file my_file_38.txt (compact mmCIF, C-alpha atoms)
# COMPACT_ATOMS: atom_id res chain seq x y z
CA MET F 1 74.14 68.45 147.46
CA PRO F 2 71.17 70.11 149.27
CA ASP F 3 73.35 71.92 151.82
CA VAL F 4 76.90 72.97 151.03
CA HIS F 5 79.34 75.01 153.02
CA ALA F 6 81.28 77.54 150.93
CA SER F 7 84.62 75.86 151.70
CA LEU F 8 83.24 72.46 150.55
CA ALA F 9 82.04 73.98 147.27
CA MET F 10 85.49 75.46 146.69
CA ALA F 11 87.05 72.04 147.27
CA THR F 12 85.04 70.44 144.45
CA THR F 13 87.35 71.85 141.77
CA GLN F 14 91.00 72.74 141.23
CA ASN F 15 90.17 75.13 138.36
CA GLU F 16 90.93 78.70 139.43
CA ASP F 17 88.22 80.21 137.22
CA GLN F 18 85.62 77.85 138.64
CA GLN F 19 86.79 78.54 142.20
CA ARG F 20 86.53 82.28 141.55
CA LEU F 21 83.00 81.84 140.19
CA LEU F 22 81.91 79.69 143.17
CA SER F 23 83.35 82.29 145.52
CA GLN F 24 81.34 85.04 143.85
CA VAL F 25 78.14 82.97 143.86
CA ASP F 26 78.62 81.88 147.50
CA ALA F 27 76.77 78.64 146.73
CA ARG F 28 74.71 77.06 149.54
CA SER F 29 73.01 74.31 147.51
CA ILE F 30 74.41 72.72 144.31
CA LEU F 31 72.96 70.48 141.61
CA VAL F 32 75.39 69.00 139.04
CA VAL F 33 74.24 66.80 136.13
CA PRO F 34 76.31 65.36 133.25
CA MET F 35 76.09 66.60 129.66
CA ARG F 36 76.12 63.32 127.75
CA VAL F 37 75.81 62.32 124.07
CA GLN F 38 75.71 58.58 123.31
CA ARG F 39 77.35 57.63 126.61
CA HIS F 40 80.09 60.18 126.09
CA VAL F 41 80.24 62.80 128.83
CA PHE F 42 81.90 65.99 127.60
CA GLY F 43 80.79 68.43 130.26
CA ALA F 44 78.50 69.15 133.18
CA LEU F 45 75.66 71.54 133.94
CA THR F 46 75.97 73.11 137.39
CA LEU F 47 73.13 74.96 139.16
CA ALA F 48 73.52 76.72 142.50
CA TYR F 49 71.45 78.56 145.08
CA SER F 50 73.12 81.20 147.19
CA SER F 51 71.12 83.76 149.18
CA SER F 52 67.52 82.75 148.39
CA GLY F 53 67.32 80.10 151.09
CA ARG F 54 65.98 77.53 148.62
CA ARG F 55 67.59 74.10 148.36
CA TYR F 56 67.80 71.48 145.59
CA SER F 57 66.23 68.07 146.13
CA ALA F 58 65.79 64.82 144.21
CA ASP F 59 62.60 66.25 142.68
CA ASP F 60 64.73 68.74 140.70
CA LEU F 61 66.84 66.03 139.04
CA PRO F 62 64.53 64.87 136.16
CA LEU F 63 63.98 68.37 134.74
CA THR F 64 67.66 69.30 135.12
CA LEU F 65 68.76 66.05 133.46
CA GLU F 66 66.43 66.76 130.53
CA LEU F 67 67.79 70.30 130.23
CA ALA F 68 71.37 69.03 130.28
CA GLN F 69 70.54 66.38 127.66
CA ARG F 70 69.05 68.97 125.28
CA ALA F 71 71.97 71.33 125.83
CA ALA F 72 74.41 68.49 125.14
CA VAL F 73 72.65 67.57 121.87
CA SER F 74 72.62 71.21 120.75
CA ILE F 75 76.33 71.65 121.49
CA ASP F 76 77.17 68.36 119.75
CA ASN F 77 75.14 69.38 116.67
CA ALA F 78 76.97 72.70 116.56
CA ARG F 79 80.32 70.92 116.77
CA LEU F 80 79.31 68.50 113.99
CA TYR F 81 78.17 71.41 111.81
CA GLU F 82 81.44 73.24 112.36
CA LEU F 83 83.36 70.06 111.53
CA SER F 84 81.33 69.50 108.34
CA GLN F 85 81.97 73.11 107.25
CA SER F 86 85.69 72.64 107.89
CA GLU F 87 85.75 69.38 105.90
CA ARG F 88 83.80 71.01 103.07
CA SER F 89 86.23 73.92 102.97
CA ARG F 90 89.16 71.47 102.93
CA ALA F 91 87.58 69.49 100.08
CA GLU F 92 86.90 72.66 98.06
CA GLY F 93 90.50 73.76 98.66
CA ALA F 94 91.78 70.41 97.42
CA THR F 95 89.63 70.67 94.28
CA ARG F 96 90.90 74.19 93.61
CA ALA F 97 94.48 73.03 94.12
CA LYS F 98 94.00 70.22 91.58
CA ASP F 99 92.53 72.63 89.02
CA GLU F 100 95.42 75.04 89.55
CA LEU F 101 97.89 72.18 89.33
CA VAL F 102 96.47 71.10 85.96
CA ALA F 103 96.89 74.66 84.67
CA THR F 104 100.46 74.78 85.94
CA VAL F 105 101.29 71.35 84.53
CA SER F 106 100.07 72.37 81.08
CA HIS F 107 102.24 75.50 81.26
CA GLU F 108 105.32 73.55 82.35
CA LEU F 109 104.91 70.92 79.63
CA ARG F 110 104.21 73.40 76.84
CA THR F 111 107.49 75.29 77.31
CA PRO F 112 109.91 72.59 76.09
CA LEU F 113 107.29 71.31 73.63
CA ASN F 114 107.07 74.73 71.95
CA ALA F 115 110.84 74.77 71.55
CA ILE F 116 110.77 71.28 69.99
CA LEU F 117 107.96 72.20 67.57
CA GLY F 118 109.65 75.47 66.63
CA TRP F 119 112.93 73.83 65.69
CA VAL F 120 111.16 70.95 63.88
CA ARG F 121 109.36 73.50 61.67
CA LEU F 122 112.70 75.14 60.87
CA LEU F 123 114.18 71.76 59.96
CA ARG F 124 111.23 70.95 57.73
CA GLY F 125 111.61 74.33 56.04
CA GLY F 126 114.95 73.19 54.66
CA SER F 127 116.59 76.60 55.00
CA LEU F 128 119.03 75.66 57.78
CA SER F 129 122.71 75.07 57.12
CA GLU F 130 124.35 71.78 58.11
CA ALA F 131 125.73 73.34 61.31
CA LYS F 132 122.34 74.83 62.15
CA ARG F 133 120.60 71.51 61.53
CA GLU F 134 122.96 69.79 63.96
CA HIS F 135 122.31 72.56 66.49
CA ALA F 136 118.54 72.16 65.97
CA LEU F 137 118.74 68.44 66.69
CA GLU F 138 120.71 69.12 69.87
CA VAL F 139 118.09 71.61 71.05
CA ILE F 140 115.26 69.18 70.26
CA GLU F 141 116.99 66.32 72.08
CA ARG F 142 117.75 68.50 75.10
CA ASN F 143 114.17 69.77 75.35
CA ALA F 144 112.73 66.28 74.91
CA GLY F 145 114.90 65.06 77.78
CA ALA F 146 113.81 67.99 79.94
CA GLN F 147 110.16 67.31 79.15
CA ASN F 148 110.61 63.65 80.03
CA GLN F 149 111.92 64.67 83.44
CA LEU F 150 109.04 67.13 83.89
CA VAL F 151 106.52 64.37 83.19
CA GLY F 152 108.20 62.17 85.79
CA ASP F 153 108.09 64.96 88.36
CA LEU F 154 104.53 66.02 87.65
CA LEU F 155 103.19 62.48 87.86
CA ASP F 156 104.18 62.53 91.52
CA ILE F 157 101.37 64.89 92.47
CA SER F 158 102.03 64.72 96.21
CA ARG F 159 105.54 66.14 95.79
CA VAL F 160 104.27 68.97 93.60
CA THR F 161 101.44 70.03 95.92
CA THR F 162 103.59 69.90 99.05
CA GLY F 163 106.55 71.66 97.46
CA LYS F 164 108.88 68.69 97.92
CA MET F 165 110.31 68.49 94.42
CA ARG F 166 113.56 66.57 94.07
CA ILE F 167 116.64 68.80 93.85
CA ASN F 168 119.91 67.45 92.44
CA PRO F 169 122.57 70.14 93.02
CA SER F 170 125.88 70.09 91.19
CA GLN F 171 128.48 72.52 89.83
CA VAL F 172 126.85 74.26 86.84
CA ASP F 173 127.61 77.13 84.47
CA PHE F 174 124.56 79.35 84.79
CA ALA F 175 125.55 81.39 81.72
CA ASN F 176 125.38 78.23 79.62
CA ILE F 177 121.98 77.34 81.14
CA VAL F 178 120.61 80.77 80.23
CA ASP F 179 122.09 80.56 76.72
CA VAL F 180 120.53 77.13 76.14
CA ALA F 181 117.11 78.38 77.34
CA VAL F 182 117.34 81.42 75.04
CA GLU F 183 118.20 79.23 72.04
CA GLY F 184 115.28 76.96 72.82
CA MET F 185 112.86 79.90 72.85
CA ARG F 186 114.15 81.71 69.75
CA PRO F 187 111.74 80.04 67.28
CA ALA F 188 108.76 81.16 69.39
CA ALA F 189 110.17 84.70 69.53
CA GLU F 190 110.89 84.81 65.79
CA ALA F 191 107.34 83.66 65.04
CA LYS F 192 106.12 86.89 66.70
CA ARG F 193 108.99 88.96 65.27
CA ILE F 194 110.24 89.55 68.82
CA GLU F 195 113.92 90.36 69.19
CA ILE F 196 115.77 88.70 72.07
CA VAL F 197 118.73 90.83 73.16
CA THR F 198 121.19 89.02 75.42
CA ALA F 199 123.92 90.33 77.69
CA ILE F 200 125.24 87.22 79.37
CA ASP F 201 128.23 87.60 81.64
CA ASP F 202 130.01 84.26 81.20
CA VAL F 203 133.28 85.28 82.87
CA ASP F 204 132.44 83.72 86.22
CA ALA F 205 128.97 82.17 86.16
CA LEU F 206 129.83 78.93 87.94
CA MET F 207 127.50 78.07 90.81
CA ARG F 208 126.09 75.13 92.70
CA GLY F 209 122.50 74.31 91.85
CA ASP F 210 120.12 72.03 90.00
CA GLY F 211 120.75 72.75 86.32
CA ASP F 212 117.44 71.29 85.15
CA ARG F 213 115.44 73.33 87.67
CA LEU F 214 117.35 76.50 86.84
CA GLN F 215 116.71 75.95 83.15
CA GLN F 216 113.03 75.46 83.96
CA VAL F 217 113.01 78.83 85.76
CA VAL F 218 114.64 80.63 82.83
CA TRP F 219 112.26 78.91 80.40
CA ASN F 220 109.24 80.14 82.33
CA LEU F 221 110.57 83.70 82.50
CA LEU F 222 111.31 83.75 78.78
CA SER F 223 108.09 82.03 77.70
CA ASN F 224 106.02 84.50 79.74
CA ALA F 225 108.00 87.44 78.33
CA ILE F 226 107.39 86.24 74.77
CA LYS F 227 103.76 85.35 75.44
CA PHE F 228 102.84 88.78 76.83
CA THR F 229 104.95 90.89 74.44
CA PRO F 230 103.19 92.16 71.30
CA LYS F 231 104.56 91.39 67.85
CA GLY F 232 107.64 93.42 66.99
CA GLY F 233 108.59 93.85 70.65
CA LYS F 234 111.82 93.18 72.49
CA VAL F 235 112.99 90.92 75.29
CA TRP F 236 116.24 91.62 77.14
CA VAL F 237 118.09 88.86 78.98
CA ARG F 238 120.94 90.02 81.21
CA LEU F 239 123.17 87.97 83.48
CA ALA F 240 125.81 89.56 85.67
CA ARG F 241 127.70 88.88 88.88
CA VAL F 242 126.87 91.30 91.68
CA ASP F 243 129.42 90.81 94.46
CA SER F 244 129.13 87.11 95.30
CA GLU F 245 125.71 86.68 93.68
CA LEU F 246 124.58 85.94 90.14
CA GLN F 247 121.74 88.19 88.98
CA LEU F 248 119.45 87.33 86.07
CA ASP F 249 117.17 90.01 84.59
CA VAL F 250 114.46 89.31 82.01
CA GLU F 251 112.78 92.46 80.74
CA ASP F 252 110.22 92.88 77.98
CA THR F 253 108.07 95.49 76.27
CA GLY F 254 104.86 93.65 77.19
CA GLN F 255 101.93 94.66 79.36
CA GLY F 256 103.69 94.08 82.69
CA ILE F 257 102.24 92.86 85.98
CA PRO F 258 99.57 94.89 87.83
CA PRO F 259 101.16 96.43 90.97
CA GLY F 260 98.42 94.99 93.15
CA PHE F 261 99.39 91.45 92.18
CA LEU F 262 103.12 91.79 92.84
CA PRO F 263 102.92 90.59 96.50
CA HIS F 264 101.35 87.32 95.23
CA VAL F 265 103.77 86.61 92.36
CA PHE F 266 105.64 83.83 94.17
CA GLU F 267 102.60 82.10 95.71
CA SER F 268 101.96 78.56 94.45
CA PHE F 269 99.56 78.25 91.51
CA ARG F 270 98.73 81.99 91.49
CA GLN F 271 98.19 83.80 88.20
CA SER F 272 97.30 87.44 87.64
CA ASP F 273 94.91 86.42 84.86
CA GLY F 274 93.81 82.79 84.85

call {"tool": "encode", "arguments": {"input": "my_file_38.txt", "output": "structure tokens"}}
result
Amino acid sequence: MPDVHASLAMATTQNEDQQRLLSQVDARSILVVPMRVQRHVFGALTLAYSSSGRRYSADDLPLTLELAQRAAVSIDNARLYELSQSERSRAEGATRAKDELVATVSHELRTPLNAILGWVRLLRGGSLSEAKREHALEVIERNAGAQNQLVGDLLDISRVTTGKMRINPSQVDFANIVDVAVEGMRPAAEAKRIEIVTAIDDVDALMRGDGDRLQQVVWNLLSNAIKFTPKGGKVWVRLARVDSELQLDVEDTGQGIPPGFLPHVFESFRQSDG
């Protein structure tokens, strides 16, 4: 547009920012060329003369088109690079998540397995009474069933990574769940000469929840307490009702958690020391 009145230039766009810019420039001659990559137009390059008295003509088109083409290719390359970096970051994140998942899976599967192995060794030792042998078999069977369910859950990787584990709530006695978890971990504690001291309030420990998941939680708390407590140490397990809530405390004489890591304790797949 070799000659343009200011009002005509303003009418070429409904964008307020562009109108403000055209008003400031006070354009008298305008040259607009498309920014195109492989037939796809994603923008335009606009040149304008205002007070110089010069005017655009058809002779200015070839150079301006070439400039717009080079600018379009540069912008497209930058966008492709940014996209590739984003995809690379996503792929690296997925790889990290899989590695962390494998570490978590091994931890989850070892907990009931350790209880099974511990009680099997006691059975093989032949020092258990008839009542204790029956109790040992019950613990082994219970932990084997729990491990079977864990394997089924962990095979469904998508549910694990997205936090969509299946929850089956029912009326449960949380005191009994804690007691069962403690009994399952006793062989591991005795192997390190660690004393487990329990104070389980079983007066009113009924609640609605997923018993298997709750047992898994208590297992993890106890297994970590035993793992990080030196030989000859102690682990306290306390359950009490506080108003309308049930409160479980697991305390040990181990090394503890560094204060700086505490804000990250409940993040998925995070460990203070890998």

call {"tool": "atom_distance", "arguments": {"input": "my_file_38.txt", "atom1": "atom CA of F:Leu109", "atom2": "atom CA of F:Ile177"}}
result
18.3 Å

call {"tool": "closest_residue", "arguments": {"input": "my_file_38.txt", "among": "F:Gly152, F:Gly145, F:Pro258, F:Pro2", "to": "F:Arg28", "atoms": "all atoms listed in the file"}}
result
F:Pro2

call {"tool": "residues_around", "arguments": {"input": "my_file_38.txt", "residues": "F:Tyr49", "least_positions_apart": "5", "cutoff": "12 Å", "atoms": "all atoms listed in the file", "output": "ChimeraX atom specification"}}
result
/F:1-6,9,22,24-32,54-57

call {"tool": "atom_distance", "arguments": {"input": "my_file_38.txt", "atom1": "atom CA of F:Thr229", "atom2": "atom CA of F:Asp252"}}
result
6.7 Å

call {"tool": "residues_around", "arguments": {"input": "my_file_38.txt", "residues": "F:Asp173", "least_positions_apart": "4", "cutoff": "7 Å", "atoms": "all atoms listed in the file", "output": "PDB file with C-alpha atoms, in the coordinates of the input"}}
result
ATOM      1  CA  ILE F 177     121.980  77.340  81.140  1.00  0.00           C
ATOM      2  CA  ALA F 205     128.970  82.170  86.160  1.00  0.00           C
ATOM      3  CA  LEU F 206     129.830  78.930  87.940  1.00  0.00           C
ATOM      4  CA  MET F 207     127.500  78.070  90.810  1.00  0.00           C
TER       5      MET F 207
END

call {"tool": "residues_around", "arguments": {"input": "my_file_38.txt", "residues": "stretch 66-74 of chain F", "least_positions_apart": "5", "cutoff": "12 Å", "atoms": "only C-alpha atoms", "output": "list in words"}}
result
Leu31, Val32, Val33, Pro34, Met35, Arg36, Val37, Gln38, Arg39, His40, Val41, Phe42, Gly43, Ala44, Leu45, Thr46, Leu47, Asp60, Leu61, Arg79, Leu80 and Tyr81 of chain F

call {"tool": "write_last_selection", "arguments": {"input": "my_file_38.txt", "atoms": "C-alpha atoms", "output": "short mmCIF file (atom, residue, chain, number, x, y, z; two decimals), keeping the file's coordinate frame"}}
result
data_model
loop_
_atom_site.label_atom_id
_atom_site.label_comp_id
_atom_site.auth_asym_id
_atom_site.auth_seq_id
_atom_site.Cartn_x
_atom_site.Cartn_y
_atom_site.Cartn_z
CA LEU F 31 72.96 70.48 141.61
CA VAL F 32 75.39 69.00 139.04
CA VAL F 33 74.24 66.80 136.13
CA PRO F 34 76.31 65.36 133.25
CA MET F 35 76.09 66.60 129.66
CA ARG F 36 76.12 63.32 127.75
CA VAL F 37 75.81 62.32 124.07
CA GLN F 38 75.71 58.58 123.31
CA ARG F 39 77.35 57.63 126.61
CA HIS F 40 80.09 60.18 126.09
CA VAL F 41 80.24 62.80 128.83
CA PHE F 42 81.90 65.99 127.60
CA GLY F 43 80.79 68.43 130.26
CA ALA F 44 78.50 69.15 133.18
CA LEU F 45 75.66 71.54 133.94
CA THR F 46 75.97 73.11 137.39
CA LEU F 47 73.13 74.96 139.16
CA ASP F 60 64.73 68.74 140.70
CA LEU F 61 66.84 66.03 139.04
CA ARG F 79 80.32 70.92 116.77
CA LEU F 80 79.31 68.50 113.99
CA TYR F 81 78.17 71.41 111.81
#

call {"tool": "residues_around", "arguments": {"input": "my_file_38.txt", "residues": "F:Gln215", "least_positions_apart": "2", "cutoff": "10 Å", "atoms": "only C-alpha atoms", "output": "PyMOL selection string"}}
result
chain F and resi 146+174+176-182+210-213+217-221

call {"tool": "write_last_selection", "arguments": {"input": "my_file_38.txt", "atoms": "C-alpha atoms", "output": "CSV table (one decimal), in the frame of the given file"}}
result
chain,number,residue,atom,x,y,z
F,146,ALA,CA,113.8,68.0,79.9
F,174,PHE,CA,124.6,79.4,84.8
F,176,ASN,CA,125.4,78.2,79.6
F,177,ILE,CA,122.0,77.3,81.1
F,178,VAL,CA,120.6,80.8,80.2
F,179,ASP,CA,122.1,80.6,76.7
F,180,VAL,CA,120.5,77.1,76.1
F,181,ALA,CA,117.1,78.4,77.3
F,182,VAL,CA,117.3,81.4,75.0
F,210,ASP,CA,120.1,72.0,90.0
F,211,GLY,CA,120.8,72.8,86.3
F,212,ASP,CA,117.4,71.3,85.2
F,213,ARG,CA,115.4,73.3,87.7
F,217,VAL,CA,113.0,78.8,85.8
F,218,VAL,CA,114.6,80.6,82.8
F,219,TRP,CA,112.3,78.9,80.4
F,220,ASN,CA,109.2,80.1,82.3
F,221,LEU,CA,110.6,83.7,82.5

call {"tool": "closest_residue", "arguments": {"input": "my_file_38.txt", "among": "F:Gln247, F:Ala115, F:Asp204, F:Ser86", "to": "F:Glu138", "atoms": "only C-alpha atoms"}}
result
F:Ala115

call {"tool": "closest_residue", "arguments": {"input": "my_file_38.txt", "among": "F:Ile116, F:Ala199, F:Arg124, F:Glu267", "to": "F:Glu141", "atoms": "all atoms listed in the file"}}
result
F:Ile116

call {"tool": "atom_distance", "arguments": {"input": "my_file_38.txt", "atom1": "atom CA of F:Pro187", "atom2": "atom CA of F:Trp119"}}
result
6.5 Å

call {"tool": "closest_residue", "arguments": {"input": "my_file_38.txt", "among": "F:Glu183, F:Glu108, F:Ala175, F:Gly209", "to": "F:Gln149", "atoms": "only C-alpha atoms"}}
result
F:Glu108

call {"tool": "closest_residue", "arguments": {"input": "my_file_38.txt", "among": "F:Asn114, F:Ser244, F:Ser84, F:Asn15", "to": "F:Ala189", "atoms": "only C-alpha atoms"}}
result
F:Asn114

call {"tool": "closest_residue", "arguments": {"input": "my_file_38.txt", "among": "F:Ser170, F:Thr95, F:Ser50, F:Asn148", "to": "F:Leu214", "atoms": "all atoms listed in the file"}}
result
F:Ser170

call {"tool": "build_atoms", "arguments": {"input": "my_file_38.txt", "residues": "stretch 61-85 of chain F", "atoms": "N, CA, C and O atoms", "output": "compact mmCIF listing (two decimals), in the frame of the given file"}}
result
# COMPACT_ATOMS: atom_id res chain seq x y z
N LEU F 61 65.95 66.76 139.93
CA LEU F 61 66.84 66.03 139.04
C LEU F 61 66.26 65.74 137.65
O LEU F 61 66.94 65.98 136.64
N PRO F 62 65.03 65.23 137.52
CA PRO F 62 64.53 64.87 136.16
C PRO F 62 64.54 66.05 135.20
O PRO F 62 65.00 65.92 134.06
N LEU F 63 64.04 67.20 135.62
CA LEU F 63 63.98 68.37 134.74
C LEU F 63 65.39 68.84 134.39
O LEU F 63 65.68 69.19 133.22
N THR F 64 66.29 68.85 135.37
CA THR F 64 67.66 69.30 135.12
C THR F 64 68.40 68.35 134.18
O THR F 64 69.15 68.77 133.31
N LEU F 65 68.16 67.03 134.36
CA LEU F 65 68.76 66.05 133.46
C LEU F 65 68.28 66.25 132.02
O LEU F 65 69.06 66.14 131.06
N GLU F 66 66.98 66.52 131.86
CA GLU F 66 66.43 66.76 130.53
C GLU F 66 67.04 68.01 129.90
O GLU F 66 67.38 68.04 128.72
N LEU F 67 67.17 69.05 130.71
CA LEU F 67 67.79 70.30 130.23
C LEU F 67 69.23 70.06 129.80
O LEU F 67 69.67 70.53 128.74
N ALA F 68 69.97 69.31 130.61
CA ALA F 68 71.37 69.03 130.28
C ALA F 68 71.48 68.20 129.01
O ALA F 68 72.37 68.41 128.18
N GLN F 69 70.53 67.23 128.85
CA GLN F 69 70.54 66.38 127.66
C GLN F 69 70.31 67.22 126.40
O GLN F 69 71.01 67.05 125.39
N ARG F 70 69.35 68.13 126.45
CA ARG F 70 69.05 68.97 125.28
C ARG F 70 70.21 69.92 124.97
O ARG F 70 70.55 70.15 123.82
N ALA F 71 70.81 70.45 126.02
CA ALA F 71 71.97 71.33 125.83
C ALA F 71 73.13 70.57 125.20
O ALA F 71 73.82 71.06 124.30
N ALA F 72 73.32 69.31 125.67
CA ALA F 72 74.41 68.49 125.14
C ALA F 72 74.20 68.19 123.66
O ALA F 72 75.13 68.27 122.85
N VAL F 73 72.95 67.86 123.28
CA VAL F 73 72.65 67.57 121.87
C VAL F 73 72.87 68.82 121.01
O VAL F 73 73.43 68.74 119.90
N SER F 74 72.45 69.97 121.51
CA SER F 74 72.62 71.21 120.75
C SER F 74 74.10 71.53 120.54
O SER F 74 74.52 71.90 119.44
N ILE F 75 74.89 71.38 121.59
CA ILE F 75 76.33 71.65 121.49
C ILE F 75 76.98 70.66 120.53
O ILE F 75 77.82 71.03 119.70
N ASP F 76 76.58 69.38 120.63
CA ASP F 76 77.17 68.36 119.75
C ASP F 76 76.81 68.63 118.29
O ASP F 76 77.65 68.47 117.39
N ASN F 77 75.55 69.05 118.05
CA ASN F 77 75.14 69.38 116.67
C ASN F 77 75.95 70.56 116.13
O ASN F 77 76.34 70.57 114.95
N ALA F 78 76.18 71.54 116.99
CA ALA F 78 76.97 72.70 116.56
C ALA F 78 78.40 72.30 116.22
O ALA F 78 78.98 72.77 115.23
N ARG F 79 78.95 71.40 117.03
CA ARG F 79 80.32 70.92 116.77
C ARG F 79 80.38 70.12 115.47
O ARG F 79 81.31 70.25 114.67
N LEU F 80 79.36 69.29 115.23
CA LEU F 80 79.31 68.50 113.99
C LEU F 80 79.16 69.42 112.78
O LEU F 80 79.77 69.17 111.73
N TYR F 81 78.35 70.47 112.92
CA TYR F 81 78.17 71.41 111.81
C TYR F 81 79.48 72.14 111.50
O TYR F 81 79.87 72.28 110.33
N GLU F 82 80.15 72.56 112.55
CA GLU F 82 81.44 73.24 112.36
C GLU F 82 82.45 72.30 111.69
O GLU F 82 83.20 72.71 110.80
N LEU F 83 82.45 71.04 112.12
CA LEU F 83 83.36 70.06 111.53
C LEU F 83 83.03 69.82 110.05
O LEU F 83 83.94 69.74 109.21
N SER F 84 81.73 69.74 109.74
CA SER F 84 81.33 69.50 108.34
C SER F 84 81.72 70.70 107.47
O SER F 84 82.14 70.52 106.32
N GLN F 85 81.58 71.92 108.01
CA GLN F 85 81.97 73.11 107.25
C GLN F 85 83.47 73.11 107.00
O GLN F 85 83.94 73.48 105.92
